[in-house]
Amino acid sequence: MAVTVAAGVALGVSVAVAGAVVALVIAKTGTDILRESAAELMDTVPDRQMEGQIRSVLSSFPQIRSTESIHTHRFGPYYMANLTVGINGGLTVSEGDAIADAVEKRLGDEVDLLRRVYIHYHPAR
């Protein structure tokens with residue numbers, strides 16, 4: 001009878017430990033999900049690597065004389081970018097639009113998960 005009681009106590013301790021481990025796994029999973037969801041809801045800015053990719057594409061356009069600002073943020077599961085660049089002030093609006101369209105297309109082709117790009121351009125300072 002003493003062996004049965006000892007086995008029951010040991011089993012009770014094992015069940016309690018297993019329950020605690022399961023509770024910890026559930027708490028960790030919940031925390032990870034909460035952190036990921038909060039990042040999306042709080043409009044998290046992507047890492048510096050994406051900014052570097054954008055700057056690299058912009059530098060490949062000789063018509064762009066300066067890059068004044070790059071703002072990237074989440075747009076659902078993707079990213080969007082708002083860029084301000086300086087171009088030759090002697091260009092027409094149509095020529096500026098053509099440059100912006102070409103930059104938007106190349107960024108969409110070369111930067112993963114970047115789906116929308118808005119470019120504001122004005123004469124370079």
# chains A, B, ... in the order shown; residues from 1 in each chain; ligands from 1
$ select_by_dssp --residues "chain A" --states "strand (DSSP E or B)" --output "PyMOL selection string"
chain A and resi 64-75+78-87+114-123
$ residues_around --residues "Arg115 (chain A)" --least-positions-apart "2" --cutoff "10 Å" --atoms "only C-alpha atoms" --output "PyMOL selection string"
chain A and resi 74-75+77-81+104-105+107-109+111-113+117
$ closest_atom_pairs --of "region 79-107 of chain A" --to "region 57-65 of chain A" --cutoff "7 Å" --atoms "only C-alpha atoms" --output "Markdown table"
| residue | atom | partner | partner_atom | distance |
| --- | --- | --- | --- | --- |
| A:Val85 | CA | A:Ile64 | CA | 6.6 |
| A:Gly86 | CA | A:Arg65 | CA | 5.5 |
| A:Ile87 | CA | A:Ile64 | CA | 4.9 |
| A:Asn88 | CA | A:Gln63 | CA | 6.9 |
| A:Leu107 | CA | A:Val57 | CA | 6.7 |
$ write_last_selection --atoms "C-alpha atoms" --output "tab-separated table (two decimals), in the first residue's frame"
chain	number	residue	atom	x	y	z
A	85	VAL	CA	13.96	63.47	-53.88
A	86	GLY	CA	15.57	66.44	-55.58
A	87	ILE	CA	15.85	66.62	-59.34
A	88	ASN	CA	17.03	69.18	-61.89
A	107	LEU	CA	11.69	49.74	-56.54
$ atom_distance --atom1 "CA of His73 (chain A)" --atom2 "CA of Glu95 (chain A)"
27.8 Å
$ atom_distance --atom1 "CA of Asp47 (chain A)" --atom2 "CA of Asp97 (chain A)"
28.3 Å
$ residues_around --residues "Ile70 (chain A)" --least-positions-apart "3" --cutoff "9 Å" --atoms "only C-alpha atoms" --output "ChimeraX atom specification"
/A:51,54-55,67,81-85
$ atom_distance --atom1 "CA of Thr31 (chain A)" --atom2 "CA of Val15 (chain A)"
24.1 Å
$ select_by_dssp --residues "region 9-121 of chain A" --states "alpha helix (DSSP H)" --output "PDB file with C-alpha atoms, in the first residue's frame"
ATOM      1  CA  VAL A   9       2.364  11.222  -5.075  1.00  0.00           C
ATOM      2  CA  ALA A  10       5.133  10.952  -7.682  1.00  0.00           C
ATOM      3  CA  LEU A  11       2.539  10.865 -10.460  1.00  0.00           C
ATOM      4  CA  GLY A  12       0.832  13.919  -8.996  1.00  0.00           C
ATOM      5  CA  VAL A  13       4.119  15.825  -8.972  1.00  0.00           C
ATOM      6  CA  SER A  14       4.846  14.752 -12.574  1.00  0.00           C
ATOM      7  CA  VAL A  15       1.412  15.931 -13.728  1.00  0.00           C
ATOM      8  CA  ALA A  16       1.924  19.262 -11.948  1.00  0.00           C
ATOM      9  CA  VAL A  17       5.332  19.749 -13.563  1.00  0.00           C
ATOM     10  CA  ALA A  18       3.969  18.782 -16.987  1.00  0.00           C
ATOM     11  CA  GLY A  19       1.086  21.216 -16.499  1.00  0.00           C
ATOM     12  CA  ALA A  20       3.493  24.007 -15.605  1.00  0.00           C
ATOM     13  CA  VAL A  21       5.611  23.300 -18.699  1.00  0.00           C
ATOM     14  CA  VAL A  22       2.518  23.360 -20.926  1.00  0.00           C
ATOM     15  CA  ALA A  23       1.414  26.640 -19.314  1.00  0.00           C
ATOM     16  CA  LEU A  24       4.838  28.175 -20.010  1.00  0.00           C
ATOM     17  CA  VAL A  25       4.749  27.077 -23.663  1.00  0.00           C
ATOM     18  CA  ILE A  26       1.257  28.555 -24.075  1.00  0.00           C
ATOM     19  CA  ALA A  27       2.334  31.824 -22.394  1.00  0.00           C
ATOM     20  CA  LYS A  28       5.437  32.087 -24.635  1.00  0.00           C
ATOM     21  CA  THR A  29       3.394  31.433 -27.785  1.00  0.00           C
ATOM     22  CA  GLY A  30       0.798  34.004 -26.737  1.00  0.00           C
ATOM     23  CA  THR A  31       3.489  36.594 -26.046  1.00  0.00           C
ATOM     24  CA  ASP A  32       5.090  35.995 -29.455  1.00  0.00           C
ATOM     25  CA  ILE A  33       1.740  36.367 -31.228  1.00  0.00           C
ATOM     26  CA  LEU A  34       0.951  39.528 -29.276  1.00  0.00           C
ATOM     27  CA  ARG A  35       4.353  41.056 -30.056  1.00  0.00           C
ATOM     28  CA  GLU A  36       4.022  40.314 -33.789  1.00  0.00           C
ATOM     29  CA  SER A  37       0.461  41.649 -33.963  1.00  0.00           C
ATOM     30  CA  ALA A  38       1.338  44.779 -32.010  1.00  0.00           C
ATOM     31  CA  ALA A  39       4.229  45.485 -34.384  1.00  0.00           C
ATOM     32  CA  GLU A  40       1.859  45.361 -37.349  1.00  0.00           C
ATOM     33  CA  LEU A  41      -0.776  47.484 -35.639  1.00  0.00           C
ATOM     34  CA  ARG A  48      17.885  49.480 -42.279  1.00  0.00           C
ATOM     35  CA  GLN A  49      18.440  46.865 -44.979  1.00  0.00           C
ATOM     36  CA  MET A  50      15.302  47.989 -46.840  1.00  0.00           C
ATOM     37  CA  GLU A  51      16.375  51.625 -46.621  1.00  0.00           C
ATOM     38  CA  GLY A  52      19.746  50.616 -48.047  1.00  0.00           C
ATOM     39  CA  GLN A  53      18.074  48.820 -50.955  1.00  0.00           C
ATOM     40  CA  ILE A  54      15.935  51.892 -51.672  1.00  0.00           C
ATOM     41  CA  ARG A  55      18.963  54.210 -51.542  1.00  0.00           C
ATOM     42  CA  SER A  56      20.827  51.894 -53.895  1.00  0.00           C
ATOM     43  CA  VAL A  57      18.015  52.037 -56.454  1.00  0.00           C
ATOM     44  CA  LEU A  58      17.735  55.819 -56.130  1.00  0.00           C
ATOM     45  CA  SER A  59      21.473  56.253 -56.655  1.00  0.00           C
ATOM     46  CA  VAL A  93       6.549  68.230 -64.702  1.00  0.00           C
ATOM     47  CA  SER A  94       6.123  65.498 -67.328  1.00  0.00           C
ATOM     48  CA  GLU A  95       9.825  64.696 -67.170  1.00  0.00           C
ATOM     49  CA  GLY A  96       9.679  64.605 -63.366  1.00  0.00           C
ATOM     50  CA  ASP A  97       6.690  62.266 -63.523  1.00  0.00           C
ATOM     51  CA  ALA A  98       8.542  59.985 -65.929  1.00  0.00           C
ATOM     52  CA  ILE A  99      11.468  59.769 -63.500  1.00  0.00           C
ATOM     53  CA  ALA A 100       9.119  59.066 -60.576  1.00  0.00           C
ATOM     54  CA  ASP A 101       7.303  56.350 -62.554  1.00  0.00           C
ATOM     55  CA  ALA A 102      10.593  54.667 -63.488  1.00  0.00           C
ATOM     56  CA  VAL A 103      11.805  54.767 -59.867  1.00  0.00           C
ATOM     57  CA  GLU A 104       8.497  53.363 -58.578  1.00  0.00           C
ATOM     58  CA  LYS A 105       8.642  50.485 -61.049  1.00  0.00           C
ATOM     59  CA  ARG A 106      12.254  49.613 -60.306  1.00  0.00           C
ATOM     60  CA  LEU A 107      11.694  49.740 -56.539  1.00  0.00           C
ATOM     61  CA  GLY A 108       8.668  47.468 -56.906  1.00  0.00           C
ATOM     62  CA  ASP A 109      10.737  45.023 -58.937  1.00  0.00           C
ATOM     63  CA  GLU A 110      13.858  45.031 -56.754  1.00  0.00           C
TER      64      GLU A 110
END
$ decode --residues "region 10-31 of chain A" --atoms "C-alpha atoms" --output "PDB file, in the first residue's frame"
ATOM      1  CA  ALA A  10       5.133  10.952  -7.682  1.00  0.00           C
ATOM      2  CA  LEU A  11       2.539  10.865 -10.460  1.00  0.00           C
ATOM      3  CA  GLY A  12       0.832  13.919  -8.996  1.00  0.00           C
ATOM      4  CA  VAL A  13       4.119  15.825  -8.972  1.00  0.00           C
ATOM      5  CA  SER A  14       4.846  14.752 -12.574  1.00  0.00           C
ATOM      6  CA  VAL A  15       1.412  15.931 -13.728  1.00  0.00           C
ATOM      7  CA  ALA A  16       1.924  19.262 -11.948  1.00  0.00           C
ATOM      8  CA  VAL A  17       5.332  19.749 -13.563  1.00  0.00           C
ATOM      9  CA  ALA A  18       3.969  18.782 -16.987  1.00  0.00           C
ATOM     10  CA  GLY A  19       1.086  21.216 -16.499  1.00  0.00           C
ATOM     11  CA  ALA A  20       3.493  24.007 -15.605  1.00  0.00           C
ATOM     12  CA  VAL A  21       5.611  23.300 -18.699  1.00  0.00           C
ATOM     13  CA  VAL A  22       2.518  23.360 -20.926  1.00  0.00           C
ATOM     14  CA  ALA A  23       1.414  26.640 -19.314  1.00  0.00           C
ATOM     15  CA  LEU A  24       4.838  28.175 -20.010  1.00  0.00           C
ATOM     16  CA  VAL A  25       4.749  27.077 -23.663  1.00  0.00           C
ATOM     17  CA  ILE A  26       1.257  28.555 -24.075  1.00  0.00           C
ATOM     18  CA  ALA A  27       2.334  31.824 -22.394  1.00  0.00           C
ATOM     19  CA  LYS A  28       5.437  32.087 -24.635  1.00  0.00           C
ATOM     20  CA  THR A  29       3.394  31.433 -27.785  1.00  0.00           C
ATOM     21  CA  GLY A  30       0.798  34.004 -26.737  1.00  0.00           C
ATOM     22  CA  THR A  31       3.489  36.594 -26.046  1.00  0.00           C
TER      23      THR A  31
END
